[in-house]
Amino acid sequence: MRHFDHLSDDARRRLFWREPEPFSRDSSRETLSVALGATLYMPATRPRLAHDLVRRAAQGVASSVVCLEDSIADEELPAAQANAIAQLRELAVTGGGPLVFVRVRRPEQIAEIAEGLGEHLHVLSGFVLPKFAESTGAAYLDALDDTAATHGRRLWGMPVIESP
């Protein structure tokens, strides 16, 4: 997998016998399951989130998570979600960021964020599904499937299993 976009073509040719292959949000599930590398988490409250994502991608970050879960206090959640949507819309217009996932707190946020992004939903690769368990998983997967069908876009789910 190609995690070296920050290197020049000459440097990559010098370092690798066979250059790593590029990947994108549209790559196969099999490719993406091993391609994400070290995923950078950022709280959704960052005021320059879009700028930071572009800057980190230029430094070699291939995937990122905009977090609305553990890194956000309950009382900050509405403002953090609004900021995440505004910043991701900006990123969609300017381009240049890594693969982006949003870590939600509840299944309903999947549709809310997709609606907020509207025509800019293409900036998003998918959602991180927290505290994924037998009792919660179906609601997250249903919300993800419904949102993908509504918007005609493939959206990936990244479950986080935090229990036995």
# chains A, B, ... in the order shown; residues from 1 in each chain; ligands from 1
$ residues_around --residues "A:Glu112" --least-positions-apart "4" --cutoff "10 Å" --atoms "only C-alpha atoms" --output "PyMOL selection string"
chain A and resi 81+85+107-108+116-118+147
$ select_by_dssp --residues "chain A" --states "strand (DSSP E or B)" --output "list of chain:residue names"
A:Leu40, A:Tyr41, A:Met42, A:Pro43, A:Ser63, A:Ser64, A:Val65, A:Val66, A:Cys67, A:Leu99, A:Val100, A:Phe101, A:Val102, A:Arg103, A:Gly126, A:Phe127, A:Val128, A:Leu129, A:Trp156, A:Gly157, A:Met158, A:Pro159
$ write_last_selection --atoms "N, CA, C and O atoms" --output "PDB file, in the first residue's frame"
ATOM      1  N   LEU A  40      -4.944   8.685  12.047  1.00  0.00           N
ATOM      2  CA  LEU A  40      -4.833   9.842  12.926  1.00  0.00           C
ATOM      3  C   LEU A  40      -6.219  10.262  13.417  1.00  0.00           C
ATOM      4  O   LEU A  40      -7.109  10.539  12.612  1.00  0.00           O
ATOM      5  N   TYR A  41      -6.405  10.288  14.739  1.00  0.00           N
ATOM      6  CA  TYR A  41      -7.647  10.770  15.351  1.00  0.00           C
ATOM      7  C   TYR A  41      -7.507  12.250  15.672  1.00  0.00           C
ATOM      8  O   TYR A  41      -6.481  12.676  16.198  1.00  0.00           O
ATOM      9  N   MET A  42      -8.565  13.016  15.364  1.00  0.00           N
ATOM     10  CA  MET A  42      -8.605  14.444  15.698  1.00  0.00           C
ATOM     11  C   MET A  42      -9.976  14.757  16.269  1.00  0.00           C
ATOM     12  O   MET A  42     -10.988  14.332  15.703  1.00  0.00           O
ATOM     13  N   PRO A  43     -10.042  15.514  17.362  1.00  0.00           N
ATOM     14  CA  PRO A  43     -11.361  15.886  17.887  1.00  0.00           C
ATOM     15  C   PRO A  43     -12.076  16.833  16.921  1.00  0.00           C
ATOM     16  O   PRO A  43     -11.446  17.674  16.272  1.00  0.00           O
ATOM     17  N   SER A  63      -4.994   8.114   6.478  1.00  0.00           N
ATOM     18  CA  SER A  63      -6.374   8.007   6.965  1.00  0.00           C
ATOM     19  C   SER A  63      -6.512   8.749   8.283  1.00  0.00           C
ATOM     20  O   SER A  63      -5.560   8.864   9.060  1.00  0.00           O
ATOM     21  N   SER A  64      -7.720   9.251   8.511  1.00  0.00           N
ATOM     22  CA  SER A  64      -7.974  10.038   9.712  1.00  0.00           C
ATOM     23  C   SER A  64      -9.388   9.793  10.213  1.00  0.00           C
ATOM     24  O   SER A  64     -10.270   9.396   9.452  1.00  0.00           O
ATOM     25  N   VAL A  65      -9.577  10.068  11.492  1.00  0.00           N
ATOM     26  CA  VAL A  65     -10.895   9.984  12.111  1.00  0.00           C
ATOM     27  C   VAL A  65     -11.178  11.315  12.790  1.00  0.00           C
ATOM     28  O   VAL A  65     -10.380  11.796  13.586  1.00  0.00           O
ATOM     29  N   VAL A  66     -12.309  11.893  12.447  1.00  0.00           N
ATOM     30  CA  VAL A  66     -12.808  13.086  13.118  1.00  0.00           C
ATOM     31  C   VAL A  66     -13.712  12.566  14.231  1.00  0.00           C
ATOM     32  O   VAL A  66     -14.735  11.940  13.961  1.00  0.00           O
ATOM     33  N   CYS A  67     -13.324  12.805  15.467  1.00  0.00           N
ATOM     34  CA  CYS A  67     -13.979  12.160  16.602  1.00  0.00           C
ATOM     35  C   CYS A  67     -15.047  13.035  17.241  1.00  0.00           C
ATOM     36  O   CYS A  67     -14.781  14.157  17.662  1.00  0.00           O
ATOM     37  N   LEU A  99      -8.011   9.867   3.650  1.00  0.00           N
ATOM     38  CA  LEU A  99      -9.312   9.227   3.810  1.00  0.00           C
ATOM     39  C   LEU A  99      -9.860   9.677   5.157  1.00  0.00           C
ATOM     40  O   LEU A  99      -9.144   9.661   6.157  1.00  0.00           O
ATOM     41  N   VAL A 100     -11.123  10.086   5.200  1.00  0.00           N
ATOM     42  CA  VAL A 100     -11.706  10.635   6.421  1.00  0.00           C
ATOM     43  C   VAL A 100     -12.895   9.788   6.859  1.00  0.00           C
ATOM     44  O   VAL A 100     -13.785   9.484   6.061  1.00  0.00           O
ATOM     45  N   PHE A 101     -12.887   9.445   8.144  1.00  0.00           N
ATOM     46  CA  PHE A 101     -13.987   8.758   8.804  1.00  0.00           C
ATOM     47  C   PHE A 101     -14.444   9.646   9.951  1.00  0.00           C
ATOM     48  O   PHE A 101     -13.655  10.407  10.502  1.00  0.00           O
ATOM     49  N   VAL A 102     -15.714   9.553  10.327  1.00  0.00           N
ATOM     50  CA  VAL A 102     -16.222  10.282  11.486  1.00  0.00           C
ATOM     51  C   VAL A 102     -16.643   9.257  12.534  1.00  0.00           C
ATOM     52  O   VAL A 102     -17.406   8.342  12.239  1.00  0.00           O
ATOM     53  N   ARG A 103     -16.119   9.436  13.738  1.00  0.00           N
ATOM     54  CA  ARG A 103     -16.513   8.569  14.852  1.00  0.00           C
ATOM     55  C   ARG A 103     -17.712   9.209  15.524  1.00  0.00           C
ATOM     56  O   ARG A 103     -17.611  10.287  16.114  1.00  0.00           O
ATOM     57  N   GLY A 126     -16.298   7.064   5.455  1.00  0.00           N
ATOM     58  CA  GLY A 126     -17.221   6.271   6.259  1.00  0.00           C
ATOM     59  C   GLY A 126     -17.268   6.743   7.695  1.00  0.00           C
ATOM     60  O   GLY A 126     -16.899   7.866   8.013  1.00  0.00           O
ATOM     61  N   PHE A 127     -17.717   5.826   8.555  1.00  0.00           N
ATOM     62  CA  PHE A 127     -17.945   6.145   9.954  1.00  0.00           C
ATOM     63  C   PHE A 127     -17.304   5.106  10.859  1.00  0.00           C
ATOM     64  O   PHE A 127     -17.279   3.915  10.532  1.00  0.00           O
ATOM     65  N   VAL A 128     -16.811   5.572  11.981  1.00  0.00           N
ATOM     66  CA  VAL A 128     -16.318   4.698  13.032  1.00  0.00           C
ATOM     67  C   VAL A 128     -17.487   4.463  13.976  1.00  0.00           C
ATOM     68  O   VAL A 128     -18.137   5.414  14.425  1.00  0.00           O
ATOM     69  N   LEU A 129     -17.761   3.207  14.248  1.00  0.00           N
ATOM     70  CA  LEU A 129     -18.920   2.806  15.036  1.00  0.00           C
ATOM     71  C   LEU A 129     -18.445   2.383  16.425  1.00  0.00           C
ATOM     72  O   LEU A 129     -17.904   1.294  16.593  1.00  0.00           O
ATOM     73  N   TRP A 156     -18.106   3.274   4.321  1.00  0.00           N
ATOM     74  CA  TRP A 156     -17.507   2.193   5.086  1.00  0.00           C
ATOM     75  C   TRP A 156     -17.854   2.337   6.561  1.00  0.00           C
ATOM     76  O   TRP A 156     -17.984   3.436   7.074  1.00  0.00           O
ATOM     77  N   GLY A 157     -17.968   1.204   7.228  1.00  0.00           N
ATOM     78  CA  GLY A 157     -18.151   1.170   8.671  1.00  0.00           C
ATOM     79  C   GLY A 157     -16.915   0.559   9.303  1.00  0.00           C
ATOM     80  O   GLY A 157     -16.421  -0.470   8.850  1.00  0.00           O
ATOM     81  N   MET A 158     -16.399   1.213  10.332  1.00  0.00           N
ATOM     82  CA  MET A 158     -15.236   0.729  11.055  1.00  0.00           C
ATOM     83  C   MET A 158     -15.668   0.492  12.504  1.00  0.00           C
ATOM     84  O   MET A 158     -15.658   1.412  13.324  1.00  0.00           O
ATOM     85  N   PRO A 159     -16.094  -0.728  12.816  1.00  0.00           N
ATOM     86  CA  PRO A 159     -16.552  -0.992  14.188  1.00  0.00           C
ATOM     87  C   PRO A 159     -15.399  -0.994  15.175  1.00  0.00           C
ATOM     88  O   PRO A 159     -14.305  -1.459  14.870  1.00  0.00           O
TER      89      PRO A 159
END
$ closest_residue --among "A:Ala79, A:Val104, A:Leu144, A:Ala50" --to "A:Val123" --atoms "only C-alpha atoms"
A:Ala50
$ closest_residue --among "A:Val61, A:Ala92, A:Ala138, A:Ala143" --to "A:Glu119" --atoms "only C-alpha atoms"
A:Ala92
$ select_by_dssp --residues "stretch 21-123 of chain A" --states "alpha helix (DSSP H)" --output "PDB file with C-alpha atoms, in the first residue's frame"
ATOM      1  CA  ARG A  29     -12.800  -3.786   0.919  1.00  0.00           C
ATOM      2  CA  GLU A  30      -9.886  -6.206   0.879  1.00  0.00           C
ATOM      3  CA  THR A  31      -7.436  -3.460  -0.055  1.00  0.00           C
ATOM      4  CA  LEU A  32      -8.768  -0.934   2.453  1.00  0.00           C
ATOM      5  CA  SER A  33      -8.798  -3.493   5.263  1.00  0.00           C
ATOM      6  CA  VAL A  34      -4.991  -3.468   5.197  1.00  0.00           C
ATOM      7  CA  ALA A  35      -4.286  -0.062   3.661  1.00  0.00           C
ATOM      8  CA  LEU A  49      -9.718  20.849  11.108  1.00  0.00           C
ATOM      9  CA  ALA A  50      -9.798  21.023   7.286  1.00  0.00           C
ATOM     10  CA  HIS A  51      -6.436  22.796   7.174  1.00  0.00           C
ATOM     11  CA  ASP A  52      -4.944  20.310   9.650  1.00  0.00           C
ATOM     12  CA  LEU A  53      -6.159  17.329   7.598  1.00  0.00           C
ATOM     13  CA  VAL A  54      -4.601  18.713   4.417  1.00  0.00           C
ATOM     14  CA  ARG A  55      -1.345  19.487   6.229  1.00  0.00           C
ATOM     15  CA  ARG A  56      -1.153  16.009   7.754  1.00  0.00           C
ATOM     16  CA  ALA A  57      -1.930  14.339   4.417  1.00  0.00           C
ATOM     17  CA  ALA A  58       0.981  16.261   2.887  1.00  0.00           C
ATOM     18  CA  LEU A  77     -21.339  17.781  21.092  1.00  0.00           C
ATOM     19  CA  PRO A  78     -23.746  20.034  19.109  1.00  0.00           C
ATOM     20  CA  ALA A  79     -21.010  22.600  18.383  1.00  0.00           C
ATOM     21  CA  ALA A  80     -18.472  19.860  17.603  1.00  0.00           C
ATOM     22  CA  GLN A  81     -20.834  18.201  15.131  1.00  0.00           C
ATOM     23  CA  ALA A  82     -21.581  21.526  13.435  1.00  0.00           C
ATOM     24  CA  ASN A  83     -17.845  22.270  13.240  1.00  0.00           C
ATOM     25  CA  ALA A  84     -17.084  18.833  11.801  1.00  0.00           C
ATOM     26  CA  ILE A  85     -19.685  19.312   9.073  1.00  0.00           C
ATOM     27  CA  ALA A  86     -18.476  22.828   8.216  1.00  0.00           C
ATOM     28  CA  GLN A  87     -14.818  21.786   8.179  1.00  0.00           C
ATOM     29  CA  LEU A  88     -15.478  18.671   6.077  1.00  0.00           C
ATOM     30  CA  ARG A  89     -17.466  20.755   3.597  1.00  0.00           C
ATOM     31  CA  GLU A  90     -14.449  23.066   3.349  1.00  0.00           C
ATOM     32  CA  LEU A  91     -12.148  20.056   2.852  1.00  0.00           C
ATOM     33  CA  ALA A  92     -14.409  18.761   0.082  1.00  0.00           C
ATOM     34  CA  VAL A  93     -14.051  22.064  -1.760  1.00  0.00           C
ATOM     35  CA  THR A  94     -10.301  22.508  -1.257  1.00  0.00           C
ATOM     36  CA  GLU A 108     -28.643   8.764  14.222  1.00  0.00           C
ATOM     37  CA  GLN A 109     -25.566  10.935  13.743  1.00  0.00           C
ATOM     38  CA  ILE A 110     -24.667   9.010  10.586  1.00  0.00           C
ATOM     39  CA  ALA A 111     -27.678  10.397   8.706  1.00  0.00           C
ATOM     40  CA  GLU A 112     -27.328  13.828  10.371  1.00  0.00           C
ATOM     41  CA  ILE A 113     -23.738  14.209   9.225  1.00  0.00           C
ATOM     42  CA  ALA A 114     -24.500  12.947   5.721  1.00  0.00           C
ATOM     43  CA  GLU A 115     -27.387  15.418   5.440  1.00  0.00           C
ATOM     44  CA  GLY A 116     -25.174  18.222   6.704  1.00  0.00           C
ATOM     45  CA  LEU A 117     -22.489  17.419   4.146  1.00  0.00           C
TER      46      LEU A 117
END
$ atom_distance --atom1 "atom CA of A:Asp10" --atom2 "atom CA of A:Pro98"
22.3 Å
$ atom_distance --atom1 "atom CA of A:Val160" --atom2 "atom CA of A:Ser28"
20.4 Å
